[in-house]
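Novice: My structure is stored as start15.txt, with compact mmCIF, C-alpha atoms.
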# COMPACT_ATOMS: atom_id res chain seq x y z
CA MET A 147 9.09 5.36 4.28
CA ILE A 148 6.80 2.46 5.09
CA ILE A 149 6.95 -0.14 2.33
CA ILE A 150 3.91 -2.33 1.67
CA GLY A 151 5.11 -5.25 -0.45
CA GLU A 152 2.75 -5.76 -3.39
CA LYS A 153 3.98 -9.03 -4.89
CA ILE A 154 1.48 -11.53 -3.42
CA ASN A 155 -1.48 -10.51 -5.54
CA GLY A 156 -3.63 -12.77 -7.67
CA THR A 157 -3.79 -10.19 -10.47
CA ILE A 158 -0.12 -10.98 -11.20
CA PRO A 159 -0.09 -13.91 -13.67
CA SER A 160 2.61 -15.92 -11.88
CA VAL A 161 0.84 -15.53 -8.54
CA LYS A 162 -2.52 -16.42 -10.09
CA LYS A 163 -0.93 -19.63 -11.43
CA ALA A 164 0.57 -20.42 -8.01
CA ILE A 165 -2.84 -19.92 -6.37
CA GLU A 166 -4.58 -22.15 -8.90
CA GLU A 167 -1.94 -24.87 -8.44
CA ARG A 168 -1.71 -24.31 -4.67
CA ASP A 169 2.06 -23.85 -5.01
CA GLU A 170 3.00 -23.06 -1.40
CA GLY A 171 6.71 -22.85 -2.19
CA PHE A 172 6.21 -20.05 -4.71
CA ILE A 173 4.17 -17.94 -2.26
CA ARG A 174 6.60 -18.65 0.59
CA ASN A 175 9.54 -17.55 -1.55
CA LEU A 176 7.80 -14.28 -2.47
CA ALA A 177 7.14 -13.59 1.20
CA LEU A 178 10.73 -14.30 2.21
CA LYS A 179 12.25 -12.18 -0.56
CA GLN A 180 10.04 -9.17 0.17
CA ALA A 181 10.70 -9.39 3.91
CA GLU A 182 14.45 -9.64 3.30
CA ALA A 183 14.22 -6.59 1.00
CA GLY A 184 12.82 -4.52 3.86
CA ALA A 185 9.04 -4.57 3.40
CA HIS A 186 7.23 -3.45 6.57
CA TYR A 187 3.95 -5.10 5.54
CA LEU A 188 3.16 -7.84 3.02
CA ASP A 189 0.00 -7.34 1.01
CA VAL A 190 -2.01 -10.53 0.45
CA CYS A 191 -4.68 -10.26 -2.23
CA ALA A 192 -6.49 -13.29 -3.68
CA SER A 193 -8.21 -11.67 -6.69
CA THR A 194 -10.17 -14.86 -7.25
CA ALA A 195 -13.87 -15.49 -7.85
CA PRO A 196 -15.88 -14.23 -4.84
CA GLU A 197 -16.93 -17.73 -3.82
CA HIS A 198 -13.28 -18.75 -3.44
CA GLU A 199 -11.81 -15.54 -2.03
CA VAL A 200 -12.11 -16.29 1.70
CA GLU A 201 -10.59 -19.75 1.34
CA THR A 202 -7.76 -18.44 -0.86
CA LEU A 203 -6.97 -15.49 1.42
CA ILE A 204 -6.72 -17.75 4.46
CA TRP A 205 -4.42 -20.07 2.49
CA LEU A 206 -2.18 -17.15 1.51
CA MET A 207 -2.19 -15.69 5.03
CA ASN A 208 -1.18 -19.00 6.60
CA ILE A 209 1.74 -19.51 4.23
CA VAL A 210 3.08 -15.97 4.62
CA GLN A 211 2.77 -16.01 8.41
CA ASP A 212 4.54 -19.36 8.60
CA ALA A 213 7.39 -18.02 6.44
CA VAL A 214 8.02 -14.56 7.96
CA ASP A 215 7.18 -12.35 10.95
CA THR A 216 6.36 -9.34 8.76
CA PRO A 217 2.79 -8.12 9.44
CA LEU A 218 0.14 -8.71 6.81
CA CYS A 219 -1.76 -6.17 4.75
CA ILE A 220 -5.08 -7.96 4.22
CA ASP A 221 -6.34 -6.83 0.82
CA SER A 222 -9.85 -7.25 -0.54
CA PRO A 223 -12.44 -4.96 -2.14
CA ASN A 224 -15.06 -6.79 -0.06
CA ALA A 225 -15.16 -5.68 3.60
CA LYS A 226 -17.15 -8.76 4.57
CA THR A 227 -14.38 -10.96 3.17
CA ILE A 228 -11.85 -9.13 5.34
CA GLU A 229 -14.15 -9.61 8.32
CA LYS A 230 -14.24 -13.38 7.70
CA VAL A 231 -10.46 -13.83 7.44
CA PHE A 232 -9.43 -11.24 10.05
CA GLN A 233 -9.15 -13.70 12.96
CA ASN A 234 -6.58 -15.74 11.02
CA ALA A 235 -4.00 -12.98 11.38
CA LYS A 236 -1.44 -13.76 14.08
CA ARG A 237 -0.43 -10.15 14.73
CA PRO A 238 -1.76 -6.65 14.03
CA GLY A 239 -1.13 -5.37 10.54
CA LEU A 240 -2.86 -3.27 7.91
CA ILE A 241 -6.34 -3.51 6.39
CA ASN A 242 -6.62 -2.67 2.70
CA SER A 243 -9.08 -0.99 2.63
CA VAL A 244 -12.04 1.16 3.66
CA SER A 245 -13.78 3.91 1.72
CA GLU A 246 -17.12 5.69 1.67
CA GLU A 247 -18.45 3.04 -0.71
CA GLY A 248 -21.33 1.13 0.83
CA ASP A 249 -20.88 0.11 4.47
CA LYS A 250 -17.14 -0.59 4.43
CA CYS A 251 -16.32 1.76 7.31
CA GLU A 252 -19.19 0.37 9.37
CA ILE A 253 -17.78 -3.15 8.99
CA ILE A 254 -14.04 -2.52 9.32
CA PHE A 255 -13.85 0.18 12.01
CA PRO A 256 -15.74 -1.78 14.71
CA MET A 257 -13.63 -4.82 13.85
CA ILE A 258 -10.32 -3.08 14.62
CA LYS A 259 -11.53 -1.08 17.62
CA GLY A 260 -9.30 -1.64 20.64
CA THR A 261 -6.51 -3.20 18.53
CA ASP A 262 -3.24 -1.96 17.03
CA TRP A 263 -4.41 -2.56 13.47
CA GLN A 264 -4.00 0.23 10.93
CA VAL A 265 -6.12 0.83 7.84
CA ILE A 266 -5.83 2.20 4.32
CA ALA A 267 -8.64 4.66 3.55
CA LEU A 268 -9.46 5.32 -0.10
CA THR A 269 -10.86 8.73 -1.03
CA CYS A 270 -13.84 7.48 -3.01
CA ASP A 271 -17.54 6.95 -2.36
CA ASN A 272 -20.61 5.55 -4.09
CA ARG A 273 -20.15 8.10 -6.87
CA GLY A 274 -16.68 6.74 -7.68
CA ILE A 275 -13.28 8.44 -7.57
CA PRO A 276 -13.57 12.25 -7.39
CA SER A 277 -11.76 14.32 -9.98
CA ASP A 278 -11.31 17.29 -7.64
CA VAL A 279 -9.26 17.80 -4.49
CA GLN A 280 -11.99 19.17 -2.23
CA THR A 281 -14.23 16.11 -2.59
CA ARG A 282 -11.31 13.83 -1.71
CA VAL A 283 -10.61 15.94 1.36
CA ASP A 284 -14.29 15.90 2.33
CA ILE A 285 -14.40 12.09 2.05
CA THR A 286 -11.30 11.89 4.23
CA LYS A 287 -12.98 14.04 6.88
CA ILE A 288 -16.02 11.76 6.93
CA MET A 289 -13.89 8.63 7.33
CA VAL A 290 -11.73 10.15 10.07
CA GLU A 291 -14.86 11.21 11.98
CA LYS A 292 -16.32 7.72 11.66
CA ALA A 293 -13.03 6.18 12.82
CA GLN A 294 -12.93 8.42 15.88
CA LYS A 295 -16.26 6.97 17.03
CA TYR A 296 -14.40 3.67 17.44
CA ASP A 297 -11.34 5.25 19.10
CA ILE A 298 -9.29 4.88 15.91
CA THR A 299 -6.93 7.85 15.85
CA PRO A 300 -5.65 9.50 12.63
CA ASP A 301 -2.15 8.06 13.09
CA ARG A 302 -3.63 4.59 12.40
CA ILE A 303 -5.07 5.71 9.05
CA HIS A 304 -3.20 5.66 5.73
CA VAL A 305 -5.19 7.90 3.37
CA ASP A 306 -4.86 6.99 -0.30
CA PRO A 307 -5.82 10.00 -2.50
CA LEU A 308 -6.15 7.62 -5.47
CA VAL A 309 -3.80 9.12 -8.04
CA MET A 310 -5.29 8.99 -11.54
CA ALA A 311 -3.52 8.07 -14.78
CA LEU A 312 -1.52 11.04 -16.00
CA SER A 313 -2.46 10.15 -19.58
CA ALA A 314 -6.11 10.85 -18.72
CA ASP A 315 -5.64 13.71 -16.26
CA ASN A 316 -2.68 16.06 -16.69
CA ASN A 317 -3.27 17.43 -13.18
CA SER A 318 -3.18 14.00 -11.58
CA LEU A 319 0.07 14.46 -9.67
CA MET A 320 -0.71 18.02 -8.62
CA ASN A 321 -4.13 16.96 -7.31
CA PHE A 322 -2.50 14.12 -5.39
CA VAL A 323 0.03 16.48 -3.80
CA GLU A 324 -2.60 19.10 -2.94
CA THR A 325 -4.84 16.45 -1.36
CA LEU A 326 -1.90 15.07 0.61
CA GLN A 327 -0.86 18.45 1.95
CA THR A 328 -4.41 19.56 2.77
CA VAL A 329 -5.18 16.34 4.64
CA LYS A 330 -1.95 16.59 6.61
CA LYS A 331 -2.75 20.15 7.65
CA LEU A 332 -6.10 18.94 8.99
CA TYR A 333 -4.66 15.84 10.66
CA PRO A 334 -0.91 16.18 11.27
CA THR A 335 -0.47 12.57 12.46
CA ILE A 336 -2.35 10.94 9.60
CA LYS A 337 -0.39 8.90 7.04
CA VAL A 338 -0.70 9.18 3.28
CA THR A 339 -0.07 6.24 0.97
CA SER A 340 -0.33 5.34 -2.70
CA GLY A 341 0.21 2.64 -5.23
CA LEU A 342 2.91 3.74 -7.64
CA SER A 343 1.85 2.32 -10.99
CA ASN A 344 -1.58 3.86 -11.62
CA ILE A 345 -0.14 7.23 -12.60
CA SER A 346 1.76 5.80 -15.57
CA PHE A 347 -1.10 3.73 -17.03
CA GLY A 348 -1.31 4.14 -20.80
CA MET A 349 2.09 5.80 -21.10
CA PRO A 350 5.46 4.71 -22.52
CA LEU A 351 8.42 4.49 -20.14
CA ARG A 352 6.10 3.62 -17.26
CA LYS A 353 9.01 2.74 -14.97
CA ILE A 354 10.51 6.21 -15.35
CA VAL A 355 7.18 7.92 -14.70
CA ASN A 356 6.69 5.80 -11.56
CA GLN A 357 10.16 6.63 -10.27
CA HIS A 358 9.65 10.36 -10.66
CA PHE A 359 6.22 10.14 -9.05
CA LEU A 360 7.78 8.39 -6.05
CA THR A 361 10.45 11.10 -5.70
CA ILE A 362 7.93 13.94 -5.80
CA ALA A 363 5.49 12.13 -3.48
CA VAL A 364 8.21 11.48 -0.90
CA TYR A 365 9.20 15.15 -1.04
CA ALA A 366 5.56 16.18 -0.62
CA GLY A 367 5.26 14.05 2.52
CA MET A 368 3.93 10.63 1.50
CA ASP A 369 4.47 8.20 4.37
CA SER A 370 3.94 4.76 2.84
CA ALA A 371 3.86 3.17 -0.59
CA ILE A 372 2.40 0.01 -2.04
CA MET A 373 5.33 -1.10 -4.17
CA ASP A 374 7.61 -3.92 -5.25
CA PRO A 375 10.46 -4.01 -2.70
CA LEU A 376 12.43 -6.26 -5.07
CA ASN A 377 12.56 -3.62 -7.81
CA ARG A 378 16.09 -2.19 -7.83
CA ASP A 379 15.11 0.95 -9.71
CA MET A 380 12.34 1.86 -7.26
CA ASN A 381 14.60 1.09 -4.29
CA THR A 382 17.30 3.29 -5.78
CA THR A 383 14.80 6.11 -6.25
CA LEU A 384 13.50 5.78 -2.70
CA VAL A 385 16.82 5.71 -0.83
CA THR A 386 18.21 8.50 -3.03
CA ALA A 387 15.19 10.73 -2.39
CA GLU A 388 15.37 10.15 1.36
CA ALA A 389 19.10 10.93 1.39
CA LEU A 390 18.59 14.13 -0.61
CA LEU A 391 15.81 15.21 1.75
CA GLY A 392 18.05 14.85 4.80
CA ARG A 393 16.21 11.81 6.15
CA ASP A 394 19.20 9.50 5.97
CA LYS A 395 21.81 10.53 8.54
CA PHE A 396 25.28 10.49 6.99
CA CYS A 397 23.65 8.66 4.03
CA ARG A 398 24.02 5.39 5.91
CA LYS A 399 20.97 3.68 4.39
CA PHE A 400 22.08 4.69 0.92
CA SER A 401 25.64 3.45 1.49
CA ASN A 402 24.48 0.19 3.07
CA ALA A 403 22.07 -0.46 0.19
CA TYR A 404 24.89 0.18 -2.29
CA ARG A 405 27.23 -2.18 -0.45
CA LYS A 406 24.52 -4.87 -0.39
CA ASN A 407 24.08 -4.38 -4.15
CA THR A 408 20.33 -3.75 -3.78
CA ILE A 409 20.36 -0.39 -5.57
CA GLY A 410 21.96 1.00 -8.70
CA PRO A 411 22.63 -0.79 -11.98
CA VAL A 412 23.01 -4.55 -11.96
CA LYS A 413 26.66 -5.55 -12.15
CA THR A 414 27.70 -7.46 -15.26
CA ALA A 415 30.73 -9.56 -15.93
Represent the supplied structure as structure tokens.
Specialist:
Amino acid sequence: MIIIGEKINGTIPSVKKAIEERDEGFIRNLALKQAEAGAHYLDVCASTAPEHEVETLIWLMNIVQDAVDTPLCIDSPNAKTIEKVFQNAKRPGLINSVSEEGDKCEIIFPMIKGTDWQVIALTCDNRGIPSDVQTRVDITKIMVEKAQKYDITPDRIHVDPLVMALSADNNSLMNFVETLQTVKKLYPTIKVTSGLSNISFGMPLRKIVNQHFLTIAVYAGMDSAIMDPLNRDMNTTLVTAEALLGRDKFCRKFSNAYRKNTIGPVKTA
């Protein structure tokens, strides 16, 4: 499983405070901890006023890249913002994100042509997030076809089927799984990703709902997840699921994580 560390995001109150106070040490520490926990990419999202977003993203990118070698996941809802900060990345990483909203594909795909950059592709368009599976699959097809015009192969695309809150849509998980499996049949090398917390919005015991969603999604074939690599419960769920699915030879990853005390209940005196 590819882990995209989600902690450096201005929507998180402590990170927002660090951004406002330009607390480099706080951001550096978050980068180091997530990298040490095994994150393959580190998401950097400013979530500031539009007039400050480019400046803030560059500030975040510079701190993270000075602290760790882990590739960045450059995160902004504005494709033109990503275009402006792109050259500040020291190594290929992940763009978060494109969709069929506006001209996002037309900005991002030419930018990463001829590089090793990968991209998260959201299954939404100018009408919003579809409620049905077929529309999500159709949007995926359009984006893959556009990407191919710029020599971007499906294996560089992480499709996000945009799981809805289970409290609002009882078929949310099943639609996610069906979209995932249909897309993978069409494009066997494509990756599927998801954030893990949207599905539990508005529900009690959100942590438990998120853990079970992760288990089922991993079983269904999800390749990457935007998650907190410092969360012991989610790490426990992930390494356990991979061991049960035969993806952890001799359960080495599980055993090593247990010995390092990064999974399971916190020890008390």
Novice: Could I get the residues of stretch 248-353 of chain A with an atom no further than 10 Å from an atom of stretch 367-391 of chain A, each paired with its nearest atom pair and that distance in Å to one decimal, using all atoms listed in the file, sorted by chain and residue number, as JSON lines?
Specialist:
{"residue": "A:His304", "atom": "CA", "partner": "A:Ser370", "partner_atom": "CA", "distance": 7.8}
{"residue": "A:Val305", "atom": "CA", "partner": "A:Ser370", "partner_atom": "CA", "distance": 9.7}
{"residue": "A:Asp306", "atom": "CA", "partner": "A:Ala371", "partner_atom": "CA", "distance": 9.5}
{"residue": "A:Val323", "atom": "CA", "partner": "A:Gly367", "partner_atom": "CA", "distance": 8.6}
{"residue": "A:Leu326", "atom": "CA", "partner": "A:Met368", "partner_atom": "CA", "distance": 7.4}
{"residue": "A:Gln327", "atom": "CA", "partner": "A:Gly367", "partner_atom": "CA", "distance": 7.6}
{"residue": "A:Lys330", "atom": "CA", "partner": "A:Gly367", "partner_atom": "CA", "distance": 8.7}
{"residue": "A:Ile336", "atom": "CA", "partner": "A:Asp369", "partner_atom": "CA", "distance": 9.0}
{"residue": "A:Lys337", "atom": "CA", "partner": "A:Asp369", "partner_atom": "CA", "distance": 5.6}
{"residue": "A:Val338", "atom": "CA", "partner": "A:Met368", "partner_atom": "CA", "distance": 5.2}
{"residue": "A:Thr339", "atom": "CA", "partner": "A:Ser370", "partner_atom": "CA", "distance": 4.7}
{"residue": "A:Ser340", "atom": "CA", "partner": "A:Ala371", "partner_atom": "CA", "distance": 5.2}
{"residue": "A:Gly341", "atom": "CA", "partner": "A:Ile372", "partner_atom": "CA", "distance": 4.7}
{"residue": "A:Leu342", "atom": "CA", "partner": "A:Met373", "partner_atom": "CA", "distance": 6.4}
{"residue": "A:Ser343", "atom": "CA", "partner": "A:Met373", "partner_atom": "CA", "distance": 8.4}
{"residue": "A:Lys353", "atom": "CA", "partner": "A:Asp379", "partner_atom": "CA", "distance": 8.3}
Novice: Could you name the residues that touch A:Arg237 at 12 Å or less, counting only C-alpha atoms, but leaving out those on the same chain fewer than 3 positions away, as a list in words?
Specialist: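 The contact residues come out as Tyr187, Met207, Gln211, Val214, Asp215, Thr216, Pro217, Leu218, Cys219, Ile220, Phe232, Gln233, Asn234, Leu240, Thr261, Asp262, Trp263 and Gln264 of chain A.
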Novice: In Å, rounded to a single decimal, give me how far atom CA of A:Ile173 is from atom CA of A:Ala195.
Specialist: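 Taking atom CA of A:Ala195 and atom CA of A:Ile173, their separation equals 19.0 Å.
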Novice: Please provide as a ChimeraX atom specification all residues within 9 Å of A:Met349, with the sequence filter that same-chain residues fewer than 5 positions apart are discarded (counting all atoms listed in the file).
Specialist: /A:311-313,355
Novice: Dump C-alpha atoms for the selected residues as a PDB file, in the coordinates of the input?
Specialist:
ATOM      1  CA  ALA A 311      -3.520   8.070 -14.780  1.00  0.00           C
ATOM      2  CA  LEU A 312      -1.520  11.040 -16.000  1.00  0.00           C
ATOM      3  CA  SER A 313      -2.460  10.150 -19.580  1.00  0.00           C
ATOM      4  CA  VAL A 355       7.180   7.920 -14.700  1.00  0.00           C
TER       5      VAL A 355
END
Novice: Could you please determine the separation between atom CA of A:Glu199 and atom CA of A:Thr227 in Å, to one decimal place?
Specialist: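 A separation of 7.4 Å between them.
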Novice: Would you pick out the contacts of A:Val290 at 10 Å or less, using all atoms listed in the file, so that residues sharing its chain but fewer than 6 positions from it are not included, and give the list as a PyMOL selection string?
Specialist: chain A and resi 251+267+284+298-300+303+305+333+336
Novice: Counting all atoms listed in the file, figure out which residue out of A:Glu291, A:Thr202, A:Tyr296, A:Thr286 gets nearest to A:Met257.
Specialist: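 Of A:Glu291, A:Thr202, A:Tyr296, A:Thr286, the one nearest A:Met257 is A:Tyr296, counting all atoms listed in the file.
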Novice: I want to know what sits within 9 Å of A:Ile254, based on all atoms listed in the file, with residues of the same chain fewer than 2 positions away left out; could you give that as a ChimeraX atom specification?
Specialist: /A:225-226,228-229,241,243-244,249-252,256-259,265
Novice: Let me make sure I understand: among A:Asp221, A:Glu201, A:Glu247, A:Glu324, which one has the smallest atom-to-atom distance to A:Val283 if we use all atoms listed in the file?
Specialist: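 Closest to A:Val283 of all the choices is A:Glu324.
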Novice: Using only C-alpha atoms, can you tell me which of A:Ser245, A:Ser401, A:Asn316, A:Phe255 comes closest to A:Asp271?
Specialist: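 Selected residue with least distance to A:Asp271: A:Ser245.
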Novice: Ranking A:Leu308, A:Ala293, A:Leu203, A:Leu360 by minimum distance to A:Gly156 and counting all atoms listed in the file, which one comes first?
Specialist: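 Counting all atoms listed in the file, the residue closest to A:Gly156 is A:Leu203.
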